[in-house]
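Worksheet for the structure shown next.
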Amino acid sequence: MLLMLDQVMQSESQSGQRGNAFSSIRFAIALVAVVAIATVAAWQIGSRSAQPAIKSATLVIPPPYDADRAFGYLNQICDIGPRPSATAAMQRQQELLTDFFEKRGGKVELQKFNVRHPETGQAVELANLIARWKPNSPKRFLLCAHYDTRPFPDRDPVNPKGRFVGANDGGSGVAALMELANHIHLLPADVGVDIVLFDGEELVYREGRDNYFLGSEHFARDYVANPPKVPYIGGILLDMVGDKELAIYYERNSWNYARELSKSVFEKAKELGVEAFIPRIRHEIRDDHLPLNQIAKIPTIDLIDFDYPRPGIGAPRYWHTTQDVPENCSGHSLATVVYVVHQWLMSQ
Ligand SMILES: [Zn+2]
């Protein structure tokens, strides 16, 4: 996915604009105020980075949610290796997941579509994996993630053409939805779920040239062209939910397109005592939820912890680097997200 605007940066630029409007006489006072605000902001960033990690780590996730099993799924997916769209590794992942979801009562379909490969220009076949449970039940929800990995870790400071297994970015959403599939049979009789894994979220070799969200756009257009008998009430997208130091904030596009759903899920987290869900807007993320909201008009939120591993100047950054590996993720974080999402579904 793409990060559009960081909330911290935004508030800094706003205070900068306000500062410019001040007269020169008031400049000194303004400067003192800005320094004070910056000090408080820096302190908040620091405490934010430590606080959720401690709280999420101490939260006891009740059975049947299983952190070790979820982490096992993440390892299983990453053991396949890098899984870019239109590769043999992606096909192996599709076979593994088809078998997995069918064993848990899902009816699986590969929704195939063709795109031009951004590097070769040749037509290649991509496929969203759709697993359906109770398609005719009156309350239907969409749970989704992308399952392709970026071709290269192009933000890696040492080896931008190195090996990228996308444990958090690509693997974590899949592993979480695998764990969730173990609990679908517990949902109320009138609640049905589709798990959809999008291909081609980031078949991006060159930024600015190559398109994101190929799979979710195809899915959204197909949803409009061939509407299902029972439309989705809402959707939840999981992306980068495996970070050891889990901290999930309201995401701005989710807030704008699906505010009630955002509030409802975070309210459930609060009720469960899950403090890793922090009801404040932090990032604006362009992700697979945009085509779902804009084209398919399915109110969909993105649950994402973009600060991987944590915010702050000088903190390491694992996003789109060779460091996005299972060792930097945690089954506890995966289980925490599954706990919230599944409990939220239980109360629908
Ligand atoms: Zn990515």
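Residues in the structure tokens are named by chain (A, B, ... in the order shown) and by number from 1 within that chain; ligands are numbered from 1 in the order shown.
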Per DSSP on the backbone, filter stretch 132-333 of chain A down to the residues in strand (DSSP E) and report them as an NGL selection string. :A and (132-133 or 139-146 or 191-198 or 232-239 or 248-250 or 277-281 or 283-286 or 300-304)
Could you list, as a VMD selection string, all residues that come within 8 Å of ligand 1? Count only C-alpha atoms and all ligand atoms. chain A and resid 1 to 2 149 to 150 166 169 to 170 201 to 202 319 to 320
Just the residues within 12 Å of A:Leu197, please, counting only C-alpha atoms, with nothing from its chain fewer than 3 positions along; format it as a ChimeraX atom specification. /A:90,93-94,97-98,101,108-111,126-132,142-148,170-178,194,200-201,213-216,219,236-239,288
Could you dump the residues just selected with N, CA and C atoms as a tab-separated table (two decimals), in the first residue's frame?
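Result went into out-v6.tsv, see below:
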```tsv
chain	number	residue	atom	x	y	z
A	90	MET	N	3.31	-17.98	-5.93
A	90	MET	CA	1.93	-17.55	-5.72
A	90	MET	C	0.97	-18.71	-5.98
A	93	GLN	N	0.96	-20.94	-3.06
A	93	GLN	CA	0.17	-20.33	-1.98
A	93	GLN	C	-1.32	-20.52	-2.24
A	94	GLN	N	-1.75	-20.36	-3.49
A	94	GLN	CA	-3.17	-20.53	-3.83
A	94	GLN	C	-3.63	-21.96	-3.54
A	97	LEU	N	-3.89	-22.43	0.27
A	97	LEU	CA	-5.02	-21.73	0.89
A	97	LEU	C	-6.37	-22.31	0.45
A	98	THR	N	-6.44	-22.76	-0.80
A	98	THR	CA	-7.67	-23.40	-1.27
A	98	THR	C	-7.98	-24.61	-0.40
A	101	PHE	N	-8.93	-23.43	3.33
A	101	PHE	CA	-10.28	-22.87	3.55
A	101	PHE	C	-11.37	-23.91	3.25
A	108	VAL	N	-14.44	-22.30	-2.18
A	108	VAL	CA	-13.34	-21.46	-2.69
A	108	VAL	C	-13.43	-21.29	-4.20
A	109	GLU	N	-13.23	-20.06	-4.62
A	109	GLU	CA	-13.19	-19.74	-6.05
A	109	GLU	C	-11.95	-18.89	-6.32
A	110	LEU	N	-11.24	-19.19	-7.43
A	110	LEU	CA	-10.18	-18.29	-7.88
A	110	LEU	C	-10.78	-17.37	-8.93
A	111	GLN	N	-10.85	-16.11	-8.60
A	111	GLN	CA	-11.43	-15.13	-9.53
A	111	GLN	C	-10.31	-14.61	-10.43
A	126	LEU	N	-3.78	-13.19	-13.19
A	126	LEU	CA	-3.78	-13.02	-11.74
A	126	LEU	C	-5.07	-13.61	-11.20
A	127	ALA	N	-5.15	-13.80	-9.89
A	127	ALA	CA	-6.39	-14.37	-9.34
A	127	ALA	C	-6.59	-13.92	-7.89
A	128	ASN	N	-7.79	-13.40	-7.63
A	128	ASN	CA	-8.21	-13.21	-6.24
A	128	ASN	C	-8.73	-14.53	-5.73
A	129	LEU	N	-8.42	-14.84	-4.48
A	129	LEU	CA	-8.95	-16.07	-3.89
A	129	LEU	C	-10.13	-15.71	-3.00
A	130	ILE	N	-11.30	-16.27	-3.33
A	130	ILE	CA	-12.52	-15.97	-2.58
A	130	ILE	C	-12.99	-17.24	-1.88
A	131	ALA	N	-13.14	-17.17	-0.56
A	131	ALA	CA	-13.70	-18.30	0.20
A	131	ALA	C	-15.00	-17.83	0.83
A	132	ARG	N	-16.09	-18.53	0.51
A	132	ARG	CA	-17.42	-18.08	0.97
A	132	ARG	C	-18.01	-19.02	2.01
A	142	LEU	N	-17.45	-8.82	4.44
A	142	LEU	CA	-16.26	-9.09	3.64
A	142	LEU	C	-15.02	-8.91	4.52
A	143	LEU	N	-14.20	-9.96	4.60
A	143	LEU	CA	-12.92	-9.87	5.31
A	143	LEU	C	-11.83	-10.06	4.27
A	144	CYS	N	-10.88	-9.15	4.21
A	144	CYS	CA	-9.94	-9.26	3.09
A	144	CYS	C	-8.52	-8.82	3.46
A	145	ALA	N	-7.61	-9.18	2.57
A	145	ALA	CA	-6.19	-8.85	2.71
A	145	ALA	C	-5.58	-9.04	1.34
A	146	HIS	N	-4.37	-8.53	1.14
A	146	HIS	CA	-3.69	-8.91	-0.11
A	146	HIS	C	-2.75	-10.06	0.18
A	147	TYR	N	-2.55	-10.92	-0.83
A	147	TYR	CA	-1.70	-12.08	-0.61
A	147	TYR	C	-0.51	-12.15	-1.55
A	148	ASP	N	-0.35	-11.12	-2.36
A	148	ASP	CA	0.88	-11.04	-3.16
A	148	ASP	C	1.92	-10.24	-2.36
A	170	GLY	N	1.73	-8.55	3.45
A	170	GLY	CA	1.38	-9.64	2.54
A	170	GLY	C	1.08	-10.93	3.29
A	171	GLY	N	1.93	-11.27	4.27
A	171	GLY	CA	1.73	-12.52	5.01
A	171	GLY	C	0.78	-12.39	6.19
A	172	SER	N	0.86	-11.26	6.90
A	172	SER	CA	0.12	-11.17	8.17
A	172	SER	C	-1.39	-11.19	7.98
A	173	GLY	N	-1.88	-10.51	6.94
A	173	GLY	CA	-3.32	-10.51	6.69
A	173	GLY	C	-3.82	-11.90	6.36
A	174	VAL	N	-3.03	-12.64	5.58
A	174	VAL	CA	-3.40	-14.01	5.21
A	174	VAL	C	-3.42	-14.90	6.46
A	175	ALA	N	-2.34	-14.82	7.26
A	175	ALA	CA	-2.25	-15.66	8.46
A	175	ALA	C	-3.40	-15.35	9.43
A	176	ALA	N	-3.73	-14.07	9.58
A	176	ALA	CA	-4.82	-13.69	10.48
A	176	ALA	C	-6.15	-14.25	9.98
A	177	LEU	N	-6.37	-14.19	8.67
A	177	LEU	CA	-7.64	-14.70	8.14
A	177	LEU	C	-7.70	-16.22	8.18
A	178	MET	N	-6.52	-16.87	8.10
A	178	MET	CA	-6.50	-18.33	8.29
A	178	MET	C	-6.92	-18.67	9.72
A	194	ASP	N	-17.37	-13.68	3.63
A	194	ASP	CA	-16.47	-14.02	2.54
A	194	ASP	C	-15.07	-13.57	2.94
A	200	GLY	N	-2.15	-8.88	-6.87
A	200	GLY	CA	-1.76	-7.63	-7.55
A	200	GLY	C	-1.97	-6.37	-6.73
A	201	GLU	N	-1.85	-6.48	-5.40
A	201	GLU	CA	-1.93	-5.24	-4.62
A	201	GLU	C	-0.70	-4.38	-4.90
A	213	PHE	N	-3.25	-2.18	-6.51
A	213	PHE	CA	-4.67	-2.55	-6.30
A	213	PHE	C	-5.33	-3.21	-7.52
A	214	LEU	N	-4.56	-3.99	-8.28
A	214	LEU	CA	-5.14	-4.62	-9.48
A	214	LEU	C	-6.26	-5.58	-9.11
A	215	GLY	N	-6.02	-6.39	-8.08
A	215	GLY	CA	-7.00	-7.40	-7.67
A	215	GLY	C	-8.25	-6.79	-7.05
A	216	SER	N	-8.06	-5.83	-6.16
A	216	SER	CA	-9.23	-5.25	-5.49
A	216	SER	C	-10.06	-4.42	-6.47
A	219	PHE	N	-12.04	-6.97	-8.41
A	219	PHE	CA	-13.11	-7.49	-7.54
A	219	PHE	C	-14.25	-6.47	-7.43
A	236	ILE	N	-13.82	-5.46	6.14
A	236	ILE	CA	-12.64	-5.17	6.97
A	236	ILE	C	-11.41	-5.70	6.24
A	237	LEU	N	-10.50	-4.79	5.94
A	237	LEU	CA	-9.24	-5.14	5.29
A	237	LEU	C	-8.15	-5.22	6.36
A	238	LEU	N	-7.37	-6.29	6.32
A	238	LEU	CA	-6.26	-6.44	7.26
A	238	LEU	C	-4.96	-6.31	6.49
A	239	ASP	N	-4.10	-5.44	6.93
A	239	ASP	CA	-2.80	-5.25	6.28
A	239	ASP	C	-1.79	-4.83	7.35
A	288	ASP	N	-6.15	-1.47	-0.54
A	288	ASP	CA	-7.24	-2.15	-1.25
A	288	ASP	C	-8.63	-1.71	-0.81
```
I need the residue nearest A:Leu203 from this list: A:Pro62, A:Gly242, A:Pro151, A:Pro160. Use only C-alpha atoms for the distance.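 Nearest to A:Leu203: A:Pro151.
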Residues near A:Met4, cut-off 7 Å, only C-alpha atoms, skip fewer than 4 positions along chain, as a count of residues only: 3
Neighbour list for A:Val124 as a PyMOL selection string, cut-off 9 Å, only C-alpha atoms, skip fewer than 5 positions in-chain: chain A and resi 86+113-117
Provide the atom CA of A:Gln91 to atom CA of A:Val196 distance in Å, to one decimal place.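 Separating atom CA of A:Gln91 from atom CA of A:Val196 is a distance of 15.9 Å.
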In stretch 213-248 of chain A, DSSP helix (DSSP H, G or I) residues written as a ChimeraX atom specification: /A:214-225
Okay, now the selection with C-alpha atoms, as a PDB file, in the first residue's frame?
```pdb
ATOM      1  CA  LEU A 214      -5.142  -4.617  -9.479  1.00  0.00           C
ATOM      2  CA  GLY A 215      -6.996  -7.397  -7.672  1.00  0.00           C
ATOM      3  CA  SER A 216      -9.227  -5.246  -5.488  1.00  0.00           C
ATOM      4  CA  GLU A 217     -10.155  -3.071  -8.478  1.00  0.00           C
ATOM      5  CA  HIS A 218     -11.114  -6.125 -10.482  1.00  0.00           C
ATOM      6  CA  PHE A 219     -13.106  -7.489  -7.542  1.00  0.00           C
ATOM      7  CA  ALA A 220     -14.908  -4.163  -7.060  1.00  0.00           C
ATOM      8  CA  ARG A 221     -15.828  -3.840 -10.757  1.00  0.00           C
ATOM      9  CA  ASP A 222     -17.061  -7.418 -10.851  1.00  0.00           C
ATOM     10  CA  TYR A 223     -19.122  -6.793  -7.715  1.00  0.00           C
ATOM     11  CA  VAL A 224     -20.857  -3.897  -9.479  1.00  0.00           C
ATOM     12  CA  ALA A 225     -21.316  -5.813 -12.759  1.00  0.00           C
TER      13      ALA A 225
END
```
Neighbour list for A:His342 as number ranges by chain, cut-off 12 Å, only C-alpha atoms, skip fewer than 4 positions in-chain: A: 64-65, 141, 143, 176-177, 179-188, 191, 193, 236, 265, 268-269, 272, 335-338, 346-348
Which residue out of A:Pro153, A:Pro279, A:Gly72, A:Pro299 has the minimum interatomic distance to A:Glu327 when only C-alpha atoms are used?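 Nearest to A:Glu327: A:Gly72.
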One decimal, in Å: what's the spacing between atom CA of A:Tyr212 and atom CA of A:Asp79?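 Taking atom CA of A:Tyr212 as the start and atom CA of A:Asp79 as the end point, the length is 24.8 Å.
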Skip A:Val165 itself and residues of its chain fewer than 6 positions away, then list as an MDAnalysis selection string all residues within 7 Å of it, counting only C-alpha atoms. chainID A and resid 78 81:82 149 324:325
Restricting the output to C-alpha atoms, write the selected residues as an mmCIF file, in the first residue's frame.
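Written file, out-v3.cif:
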```
data_model
loop_
_atom_site.group_PDB
_atom_site.id
_atom_site.type_symbol
_atom_site.label_atom_id
_atom_site.label_comp_id
_atom_site.auth_asym_id
_atom_site.auth_seq_id
_atom_site.Cartn_x
_atom_site.Cartn_y
_atom_site.Cartn_z
ATOM 1 C CA CYS A 78 6.637 -17.237 4.369
ATOM 2 C CA GLY A 81 9.344 -17.698 -0.156
ATOM 3 C CA PRO A 82 8.648 -14.431 -1.991
ATOM 4 C CA THR A 149 4.241 -9.679 -2.047
ATOM 5 C CA ASP A 324 9.996 -7.754 6.930
ATOM 6 C CA VAL A 325 10.389 -11.324 8.211
#
```
